[in-house]
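Participant: Below is one structure. I have some questions about it.
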Amino acid sequence: MRKGSRFAAGLLLFLCPSFLAAGEFYVKPAAFLGQAFEGSPPDASLVWLTGERGDAAAEILGHKPSSLRVRYWQQGGRTAWILEEIGREEFITAGFVIDDGALSNVQVLAFRESRGWEIKHDFFTDQFKGVELKRDRGLSEPIDNITGATLSVNAMKRMARLALYLDGEVRDVAP
């Protein structure tokens, strides 16, 4: 590659930060769990997405779940979930902490899309604090969209609904 071509390629990457954001891990899962449980997370448990629970998960996601089981961590009335969902074409990995049926922390752990990375910011994720699952399996509060990130926002809302639903299932609380 010629010197001028390398300069142009470098300049393009500098001017287009979305190329750099694609695939970036913002928070490692172990760090997220450490924060959620003050440095000492409990052992992981599994919940199976079969039968009625699998049907409910498919309804929430709008498609069949990609896995038959989901790992979660529970200590008292607190659960933590690390879920993945397709934004536009790639998976978004997010962590959800639920205290007694309400979201208390939501973080984007990894984002692999070329657009929509704005969902990682606190101004977006803070909207989920205190949100609960309604009887119709919708969120109790509206979540504002971000222009240009609609599919990523929708993926986050689906994952939040699934985490809240599964939290109720493992705590045996009907929404």
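If you're wondering about the labels, chains in the structure tokens are A, B, ... by order shown, residues count from 1 in each chain, ligands from 1 in order shown.
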Applying 6 Å and only C-alpha atoms, which residues near range 58-70 of chain A remain after dropping the ones on its own chain fewer than 3 positions away? List them as a list in words.
Facilitator: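 These residues fall inside the cut-off: Leu46, Val47, Trp48, Leu49, Asp55 and Arg158 of chain A.
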Participant: With N, CA and C atoms retained, export the selected residues as an mmCIF file, in the first residue's frame.
Facilitator:
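Wrote it out as selection.cif, contents follow:
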```cif
data_model
loop_
_atom_site.group_PDB
_atom_site.id
_atom_site.type_symbol
_atom_site.label_atom_id
_atom_site.label_comp_id
_atom_site.auth_asym_id
_atom_site.auth_seq_id
_atom_site.Cartn_x
_atom_site.Cartn_y
_atom_site.Cartn_z
ATOM 1 N N LEU A 46 -29.357 -21.729 35.868
ATOM 2 C CA LEU A 46 -29.938 -21.811 34.528
ATOM 3 C C LEU A 46 -31.441 -21.832 34.601
ATOM 4 N N VAL A 47 -32.067 -21.179 33.640
ATOM 5 C CA VAL A 47 -33.504 -21.287 33.446
ATOM 6 C C VAL A 47 -33.712 -21.800 32.019
ATOM 7 N N TRP A 48 -34.586 -22.769 31.881
ATOM 8 C CA TRP A 48 -34.837 -23.392 30.583
ATOM 9 C C TRP A 48 -36.000 -22.703 29.890
ATOM 10 N N LEU A 49 -35.857 -22.461 28.594
ATOM 11 C CA LEU A 49 -36.903 -21.830 27.785
ATOM 12 C C LEU A 49 -37.642 -22.908 27.003
ATOM 13 N N ASP A 55 -42.547 -20.424 24.914
ATOM 14 C CA ASP A 55 -43.542 -19.706 24.105
ATOM 15 C C ASP A 55 -43.587 -18.231 24.478
ATOM 16 N N ARG A 158 -36.608 -5.398 23.971
ATOM 17 C CA ARG A 158 -36.982 -6.822 23.990
ATOM 18 C C ARG A 158 -36.185 -7.568 25.061
#
```
Participant: Write out as a Markdown table the residues of range 22-98 of chain A that have any atom within 12 Å of an atom of range 108-116 of chain A, one row each with the nearest atom pair and its distance in Å to one decimal, counting only C-alpha atoms, sorted by chain and then rising number.
Facilitator:
```
| residue | atom | partner | partner_atom | distance |
| --- | --- | --- | --- | --- |
| A:Ala22 | CA | A:Arg112 | CA | 4.6 |
| A:Gly23 | CA | A:Arg112 | CA | 3.7 |
| A:Glu24 | CA | A:Ala110 | CA | 5.8 |
| A:Phe25 | CA | A:Ala110 | CA | 4.3 |
| A:Tyr26 | CA | A:Leu109 | CA | 5.2 |
| A:Val27 | CA | A:Leu109 | CA | 4.7 |
| A:Lys28 | CA | A:Leu109 | CA | 6.4 |
| A:Pro29 | CA | A:Leu109 | CA | 7.0 |
| A:Ala30 | CA | A:Leu109 | CA | 10.4 |
| A:Ala31 | CA | A:Leu109 | CA | 9.7 |
| A:Phe32 | CA | A:Leu109 | CA | 8.0 |
| A:Leu33 | CA | A:Leu109 | CA | 11.1 |
| A:Trp81 | CA | A:Leu109 | CA | 11.5 |
| A:Ile82 | CA | A:Leu109 | CA | 8.6 |
| A:Leu83 | CA | A:Leu109 | CA | 9.6 |
| A:Glu84 | CA | A:Ala110 | CA | 9.2 |
| A:Glu85 | CA | A:Phe111 | CA | 10.4 |
| A:Ile86 | CA | A:Glu113 | CA | 9.2 |
| A:Gly87 | CA | A:Glu113 | CA | 7.3 |
| A:Arg88 | CA | A:Glu113 | CA | 7.3 |
| A:Glu89 | CA | A:Glu113 | CA | 7.0 |
| A:Glu90 | CA | A:Glu113 | CA | 5.7 |
| A:Phe91 | CA | A:Arg112 | CA | 6.2 |
| A:Ile92 | CA | A:Phe111 | CA | 4.9 |
| A:Thr93 | CA | A:Ala110 | CA | 5.0 |
| A:Ala94 | CA | A:Val108 | CA | 4.3 |
| A:Gly95 | CA | A:Val108 | CA | 6.4 |
| A:Phe96 | CA | A:Val108 | CA | 9.0 |
| A:Val97 | CA | A:Val108 | CA | 12.0 |
```
Participant: Please extract the residues of range 20-80 of chain A with a backbone DSSP assignment of strand (DSSP E or B) and present them as a count of residues only.
Facilitator: 17
Participant: Measuring between only C-alpha atoms, which one of A:Leu164, A:Ala56, A:Met156, A:Val170 shows the shortest distance to Gln74 in chain A?
Facilitator: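 For Gln74 in chain A, the nearest of the given residues is A:Val170.
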Participant: Find, counting only C-alpha atoms, the residue in A:Ala36, A:Phe123, A:Gln75, A:Tyr165 that gets nearest to Gly138 in chain A.
Facilitator: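 Closest to Gly138 in chain A of all the choices is A:Tyr165.
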Participant: Return as a PDB file with N, CA and C atoms, in the first residue's frame the full set of residues in range 7-175 of chain A whose backbone-based DSSP assignment is alpha helix (DSSP H).
Facilitator:
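Written file, result_4.pdb:
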```
ATOM      1  N   PHE A   7      -2.370   6.856   4.502  1.00  0.00           N
ATOM      2  CA  PHE A   7      -2.816   8.079   5.160  1.00  0.00           C
ATOM      3  C   PHE A   7      -4.318   8.261   4.967  1.00  0.00           C
ATOM      4  N   ALA A   8      -4.805   8.051   3.748  1.00  0.00           N
ATOM      5  CA  ALA A   8      -6.237   8.205   3.462  1.00  0.00           C
ATOM      6  C   ALA A   8      -7.062   7.191   4.253  1.00  0.00           C
ATOM      7  N   ALA A   9      -6.588   5.943   4.342  1.00  0.00           N
ATOM      8  CA  ALA A   9      -7.306   4.920   5.097  1.00  0.00           C
ATOM      9  C   ALA A   9      -7.334   5.284   6.583  1.00  0.00           C
ATOM     10  N   GLY A  10      -6.229   5.758   7.108  1.00  0.00           N
ATOM     11  CA  GLY A  10      -6.170   6.164   8.512  1.00  0.00           C
ATOM     12  C   GLY A  10      -7.075   7.342   8.791  1.00  0.00           C
ATOM     13  N   LEU A  11      -7.094   8.311   7.876  1.00  0.00           N
ATOM     14  CA  LEU A  11      -7.962   9.469   8.024  1.00  0.00           C
ATOM     15  C   LEU A  11      -9.427   9.050   8.002  1.00  0.00           C
ATOM     16  N   LEU A  12      -9.796   8.118   7.124  1.00  0.00           N
ATOM     17  CA  LEU A  12     -11.169   7.627   7.053  1.00  0.00           C
ATOM     18  C   LEU A  12     -11.581   6.989   8.381  1.00  0.00           C
ATOM     19  N   LEU A  13     -10.720   6.160   8.959  1.00  0.00           N
ATOM     20  CA  LEU A  13     -11.033   5.539  10.248  1.00  0.00           C
ATOM     21  C   LEU A  13     -11.157   6.580  11.350  1.00  0.00           C
ATOM     22  N   PHE A  14     -10.319   7.611  11.313  1.00  0.00           N
ATOM     23  CA  PHE A  14     -10.385   8.666  12.315  1.00  0.00           C
ATOM     24  C   PHE A  14     -11.692   9.442  12.208  1.00  0.00           C
ATOM     25  N   LEU A  15     -12.128   9.715  10.992  1.00  0.00           N
ATOM     26  CA  LEU A  15     -13.339  10.511  10.783  1.00  0.00           C
ATOM     27  C   LEU A  15     -14.618   9.707  10.929  1.00  0.00           C
ATOM     28  N   PRO A  17     -15.956   7.237  13.484  1.00  0.00           N
ATOM     29  CA  PRO A  17     -15.806   6.482  14.726  1.00  0.00           C
ATOM     30  C   PRO A  17     -16.706   5.257  14.811  1.00  0.00           C
ATOM     31  N   SER A  18     -17.762   5.183  13.989  1.00  0.00           N
ATOM     32  CA  SER A  18     -18.618   4.001  14.054  1.00  0.00           C
ATOM     33  C   SER A  18     -17.857   2.751  13.637  1.00  0.00           C
ATOM     34  N   PHE A  19     -16.840   2.874  12.772  1.00  0.00           N
ATOM     35  CA  PHE A  19     -16.023   1.710  12.431  1.00  0.00           C
ATOM     36  C   PHE A  19     -15.283   1.208  13.671  1.00  0.00           C
ATOM     37  N   LEU A  20     -14.852   2.124  14.497  1.00  0.00           N
ATOM     38  CA  LEU A  20     -14.111   1.751  15.687  1.00  0.00           C
ATOM     39  C   LEU A  20     -15.028   1.185  16.765  1.00  0.00           C
ATOM     40  N   ALA A  21     -16.289   1.637  16.788  1.00  0.00           N
ATOM     41  CA  ALA A  21     -17.218   1.188  17.815  1.00  0.00           C
ATOM     42  C   ALA A  21     -17.738  -0.211  17.536  1.00  0.00           C
ATOM     43  N   PRO A  29     -18.279  -9.193  31.030  1.00  0.00           N
ATOM     44  CA  PRO A  29     -19.331  -9.791  31.860  1.00  0.00           C
ATOM     45  C   PRO A  29     -18.920  -9.967  33.332  1.00  0.00           C
ATOM     46  N   ALA A  30     -17.704 -10.381  33.598  1.00  0.00           N
ATOM     47  CA  ALA A  30     -17.262 -10.561  34.986  1.00  0.00           C
ATOM     48  C   ALA A  30     -17.282  -9.232  35.749  1.00  0.00           C
ATOM     49  N   ALA A  31     -16.895  -8.149  35.092  1.00  0.00           N
ATOM     50  CA  ALA A  31     -16.915  -6.830  35.735  1.00  0.00           C
ATOM     51  C   ALA A  31     -18.349  -6.389  36.000  1.00  0.00           C
ATOM     52  N   PHE A  32     -19.250  -6.635  35.041  1.00  0.00           N
ATOM     53  CA  PHE A  32     -20.661  -6.301  35.227  1.00  0.00           C
ATOM     54  C   PHE A  32     -21.232  -7.038  36.440  1.00  0.00           C
ATOM     55  N   LEU A  33     -20.949  -8.344  36.541  1.00  0.00           N
ATOM     56  CA  LEU A  33     -21.462  -9.134  37.662  1.00  0.00           C
ATOM     57  C   LEU A  33     -20.832  -8.700  38.975  1.00  0.00           C
ATOM     58  N   GLY A  34     -19.560  -8.331  38.943  1.00  0.00           N
ATOM     59  CA  GLY A  34     -18.906  -7.815  40.146  1.00  0.00           C
ATOM     60  C   GLY A  34     -19.571  -6.549  40.652  1.00  0.00           C
ATOM     61  N   GLN A  35     -19.928  -5.665  39.720  1.00  0.00           N
ATOM     62  CA  GLN A  35     -20.634  -4.432  40.096  1.00  0.00           C
ATOM     63  C   GLN A  35     -22.022  -4.750  40.635  1.00  0.00           C
ATOM     64  N   ALA A  36     -22.698  -5.695  40.002  1.00  0.00           N
ATOM     65  CA  ALA A  36     -24.078  -6.026  40.378  1.00  0.00           C
ATOM     66  C   ALA A  36     -24.156  -6.621  41.781  1.00  0.00           C
ATOM     67  N   GLY A  51     -41.530 -25.255  26.840  1.00  0.00           N
ATOM     68  CA  GLY A  51     -42.948 -25.211  27.189  1.00  0.00           C
ATOM     69  C   GLY A  51     -43.509 -23.805  27.142  1.00  0.00           C
ATOM     70  N   GLU A  52     -44.342 -23.485  28.142  1.00  0.00           N
ATOM     71  CA  GLU A  52     -44.968 -22.159  28.194  1.00  0.00           C
ATOM     72  C   GLU A  52     -43.940 -21.041  28.315  1.00  0.00           C
ATOM     73  N   ARG A  53     -42.869 -21.295  29.047  1.00  0.00           N
ATOM     74  CA  ARG A  53     -41.814 -20.284  29.204  1.00  0.00           C
ATOM     75  C   ARG A  53     -41.140 -20.006  27.859  1.00  0.00           C
ATOM     76  N   GLY A  54     -40.914 -21.040  27.074  1.00  0.00           N
ATOM     77  CA  GLY A  54     -40.328 -20.862  25.745  1.00  0.00           C
ATOM     78  C   GLY A  54     -41.261 -20.108  24.816  1.00  0.00           C
ATOM     79  N   ASP A  55     -42.547 -20.424  24.914  1.00  0.00           N
ATOM     80  CA  ASP A  55     -43.542 -19.706  24.105  1.00  0.00           C
ATOM     81  C   ASP A  55     -43.587 -18.231  24.478  1.00  0.00           C
ATOM     82  N   ALA A  56     -43.552 -17.940  25.779  1.00  0.00           N
ATOM     83  CA  ALA A  56     -43.562 -16.551  26.240  1.00  0.00           C
ATOM     84  C   ALA A  56     -42.314 -15.814  25.778  1.00  0.00           C
ATOM     85  N   ALA A  57     -41.159 -16.480  25.854  1.00  0.00           N
ATOM     86  CA  ALA A  57     -39.912 -15.856  25.399  1.00  0.00           C
ATOM     87  C   ALA A  57     -39.983 -15.545  23.909  1.00  0.00           C
ATOM     88  N   ALA A  58     -40.539 -16.461  23.126  1.00  0.00           N
ATOM     89  CA  ALA A  58     -40.680 -16.239  21.686  1.00  0.00           C
ATOM     90  C   ALA A  58     -41.623 -15.070  21.413  1.00  0.00           C
ATOM     91  N   GLU A  59     -42.683 -14.957  22.183  1.00  0.00           N
ATOM     92  CA  GLU A  59     -43.620 -13.837  22.017  1.00  0.00           C
ATOM     93  C   GLU A  59     -42.931 -12.509  22.341  1.00  0.00           C
ATOM     94  N   ILE A  60     -42.171 -12.470  23.413  1.00  0.00           N
ATOM     95  CA  ILE A  60     -41.469 -11.249  23.822  1.00  0.00           C
ATOM     96  C   ILE A  60     -40.438 -10.836  22.782  1.00  0.00           C
ATOM     97  N   LEU A  61     -39.646 -11.801  22.302  1.00  0.00           N
ATOM     98  CA  LEU A  61     -38.578 -11.498  21.354  1.00  0.00           C
ATOM     99  C   LEU A  61     -39.089 -11.279  19.931  1.00  0.00           C
ATOM    100  N   ASP A 122     -25.270   6.393  29.155  1.00  0.00           N
ATOM    101  CA  ASP A 122     -26.165   6.473  30.307  1.00  0.00           C
ATOM    102  C   ASP A 122     -27.467   7.200  29.990  1.00  0.00           C
ATOM    103  N   PHE A 123     -27.430   8.208  29.114  1.00  0.00           N
ATOM    104  CA  PHE A 123     -28.660   8.940  28.814  1.00  0.00           C
ATOM    105  C   PHE A 123     -29.725   7.999  28.252  1.00  0.00           C
ATOM    106  N   PHE A 124     -29.302   6.921  27.626  1.00  0.00           N
ATOM    107  CA  PHE A 124     -30.259   5.935  27.121  1.00  0.00           C
ATOM    108  C   PHE A 124     -30.567   4.871  28.173  1.00  0.00           C
ATOM    109  N   THR A 125     -29.541   4.238  28.719  1.00  0.00           N
ATOM    110  CA  THR A 125     -29.764   3.111  29.633  1.00  0.00           C
ATOM    111  C   THR A 125     -30.421   3.537  30.946  1.00  0.00           C
ATOM    112  N   THR A 150     -32.912   2.871  15.906  1.00  0.00           N
ATOM    113  CA  THR A 150     -34.205   2.260  16.218  1.00  0.00           C
ATOM    114  C   THR A 150     -34.108   0.753  16.442  1.00  0.00           C
ATOM    115  N   LEU A 151     -33.395   0.037  15.587  1.00  0.00           N
ATOM    116  CA  LEU A 151     -33.316  -1.414  15.736  1.00  0.00           C
ATOM    117  C   LEU A 151     -32.541  -1.801  16.989  1.00  0.00           C
ATOM    118  N   SER A 152     -31.524  -1.051  17.338  1.00  0.00           N
ATOM    119  CA  SER A 152     -30.776  -1.307  18.567  1.00  0.00           C
ATOM    120  C   SER A 152     -31.622  -1.004  19.793  1.00  0.00           C
ATOM    121  N   VAL A 153     -32.363   0.078  19.748  1.00  0.00           N
ATOM    122  CA  VAL A 153     -33.272   0.429  20.848  1.00  0.00           C
ATOM    123  C   VAL A 153     -34.315  -0.666  21.026  1.00  0.00           C
ATOM    124  N   ASN A 154     -34.901  -1.116  19.927  1.00  0.00           N
ATOM    125  CA  ASN A 154     -35.916  -2.168  20.013  1.00  0.00           C
ATOM    126  C   ASN A 154     -35.338  -3.461  20.570  1.00  0.00           C
ATOM    127  N   ALA A 155     -34.106  -3.793  20.200  1.00  0.00           N
ATOM    128  CA  ALA A 155     -33.451  -4.990  20.738  1.00  0.00           C
ATOM    129  C   ALA A 155     -33.266  -4.851  22.249  1.00  0.00           C
ATOM    130  N   MET A 156     -32.869  -3.683  22.713  1.00  0.00           N
ATOM    131  CA  MET A 156     -32.696  -3.460  24.149  1.00  0.00           C
ATOM    132  C   MET A 156     -34.025  -3.578  24.883  1.00  0.00           C
ATOM    133  N   LYS A 157     -35.088  -3.068  24.309  1.00  0.00           N
ATOM    134  CA  LYS A 157     -36.399  -3.174  24.949  1.00  0.00           C
ATOM    135  C   LYS A 157     -36.854  -4.629  25.020  1.00  0.00           C
ATOM    136  N   ARG A 158     -36.608  -5.398  23.971  1.00  0.00           N
ATOM    137  CA  ARG A 158     -36.982  -6.822  23.990  1.00  0.00           C
ATOM    138  C   ARG A 158     -36.185  -7.568  25.061  1.00  0.00           C
ATOM    139  N   MET A 159     -34.883  -7.290  25.143  1.00  0.00           N
ATOM    140  CA  MET A 159     -34.061  -7.960  26.153  1.00  0.00           C
ATOM    141  C   MET A 159     -34.503  -7.569  27.564  1.00  0.00           C
ATOM    142  N   ALA A 160     -34.848  -6.302  27.769  1.00  0.00           N
ATOM    143  CA  ALA A 160     -35.314  -5.860  29.091  1.00  0.00           C
ATOM    144  C   ALA A 160     -36.607  -6.590  29.461  1.00  0.00           C
ATOM    145  N   ARG A 161     -37.515  -6.698  28.518  1.00  0.00           N
ATOM    146  CA  ARG A 161     -38.771  -7.414  28.767  1.00  0.00           C
ATOM    147  C   ARG A 161     -38.506  -8.877  29.098  1.00  0.00           C
ATOM    148  N   LEU A 162     -37.581  -9.507  28.362  1.00  0.00           N
ATOM    149  CA  LEU A 162     -37.264 -10.906  28.616  1.00  0.00           C
ATOM    150  C   LEU A 162     -36.619 -11.069  29.997  1.00  0.00           C
ATOM    151  N   ALA A 163     -35.680 -10.204  30.345  1.00  0.00           N
ATOM    152  CA  ALA A 163     -35.037 -10.290  31.658  1.00  0.00           C
ATOM    153  C   ALA A 163     -36.067 -10.136  32.772  1.00  0.00           C
ATOM    154  N   LEU A 164     -36.976  -9.184  32.637  1.00  0.00           N
ATOM    155  CA  LEU A 164     -38.003  -8.981  33.654  1.00  0.00           C
ATOM    156  C   LEU A 164     -38.950 -10.178  33.740  1.00  0.00           C
ATOM    157  N   TYR A 165     -39.313 -10.721  32.601  1.00  0.00           N
ATOM    158  CA  TYR A 165     -40.181 -11.903  32.588  1.00  0.00           C
ATOM    159  C   TYR A 165     -39.493 -13.080  33.274  1.00  0.00           C
ATOM    160  N   LEU A 166     -38.251 -13.351  32.898  1.00  0.00           N
ATOM    161  CA  LEU A 166     -37.532 -14.478  33.472  1.00  0.00           C
ATOM    162  C   LEU A 166     -37.262 -14.266  34.964  1.00  0.00           C
ATOM    163  N   ASP A 167     -37.015 -13.038  35.368  1.00  0.00           N
ATOM    164  CA  ASP A 167     -36.853 -12.730  36.790  1.00  0.00           C
ATOM    165  C   ASP A 167     -38.118 -13.138  37.545  1.00  0.00           C
ATOM    166  N   GLY A 168     -39.263 -12.783  37.010  1.00  0.00           N
ATOM    167  CA  GLY A 168     -40.519 -13.176  37.649  1.00  0.00           C
ATOM    168  C   GLY A 168     -40.688 -14.686  37.695  1.00  0.00           C
ATOM    169  N   GLU A 169     -40.226 -15.353  36.658  1.00  0.00           N
ATOM    170  CA  GLU A 169     -40.328 -16.820  36.611  1.00  0.00           C
ATOM    171  C   GLU A 169     -39.449 -17.464  37.686  1.00  0.00           C
ATOM    172  N   VAL A 170     -38.209 -17.014  37.811  1.00  0.00           N
ATOM    173  CA  VAL A 170     -37.320 -17.656  38.780  1.00  0.00           C
ATOM    174  C   VAL A 170     -37.668 -17.259  40.209  1.00  0.00           C
TER     175      VAL A 170
END
```
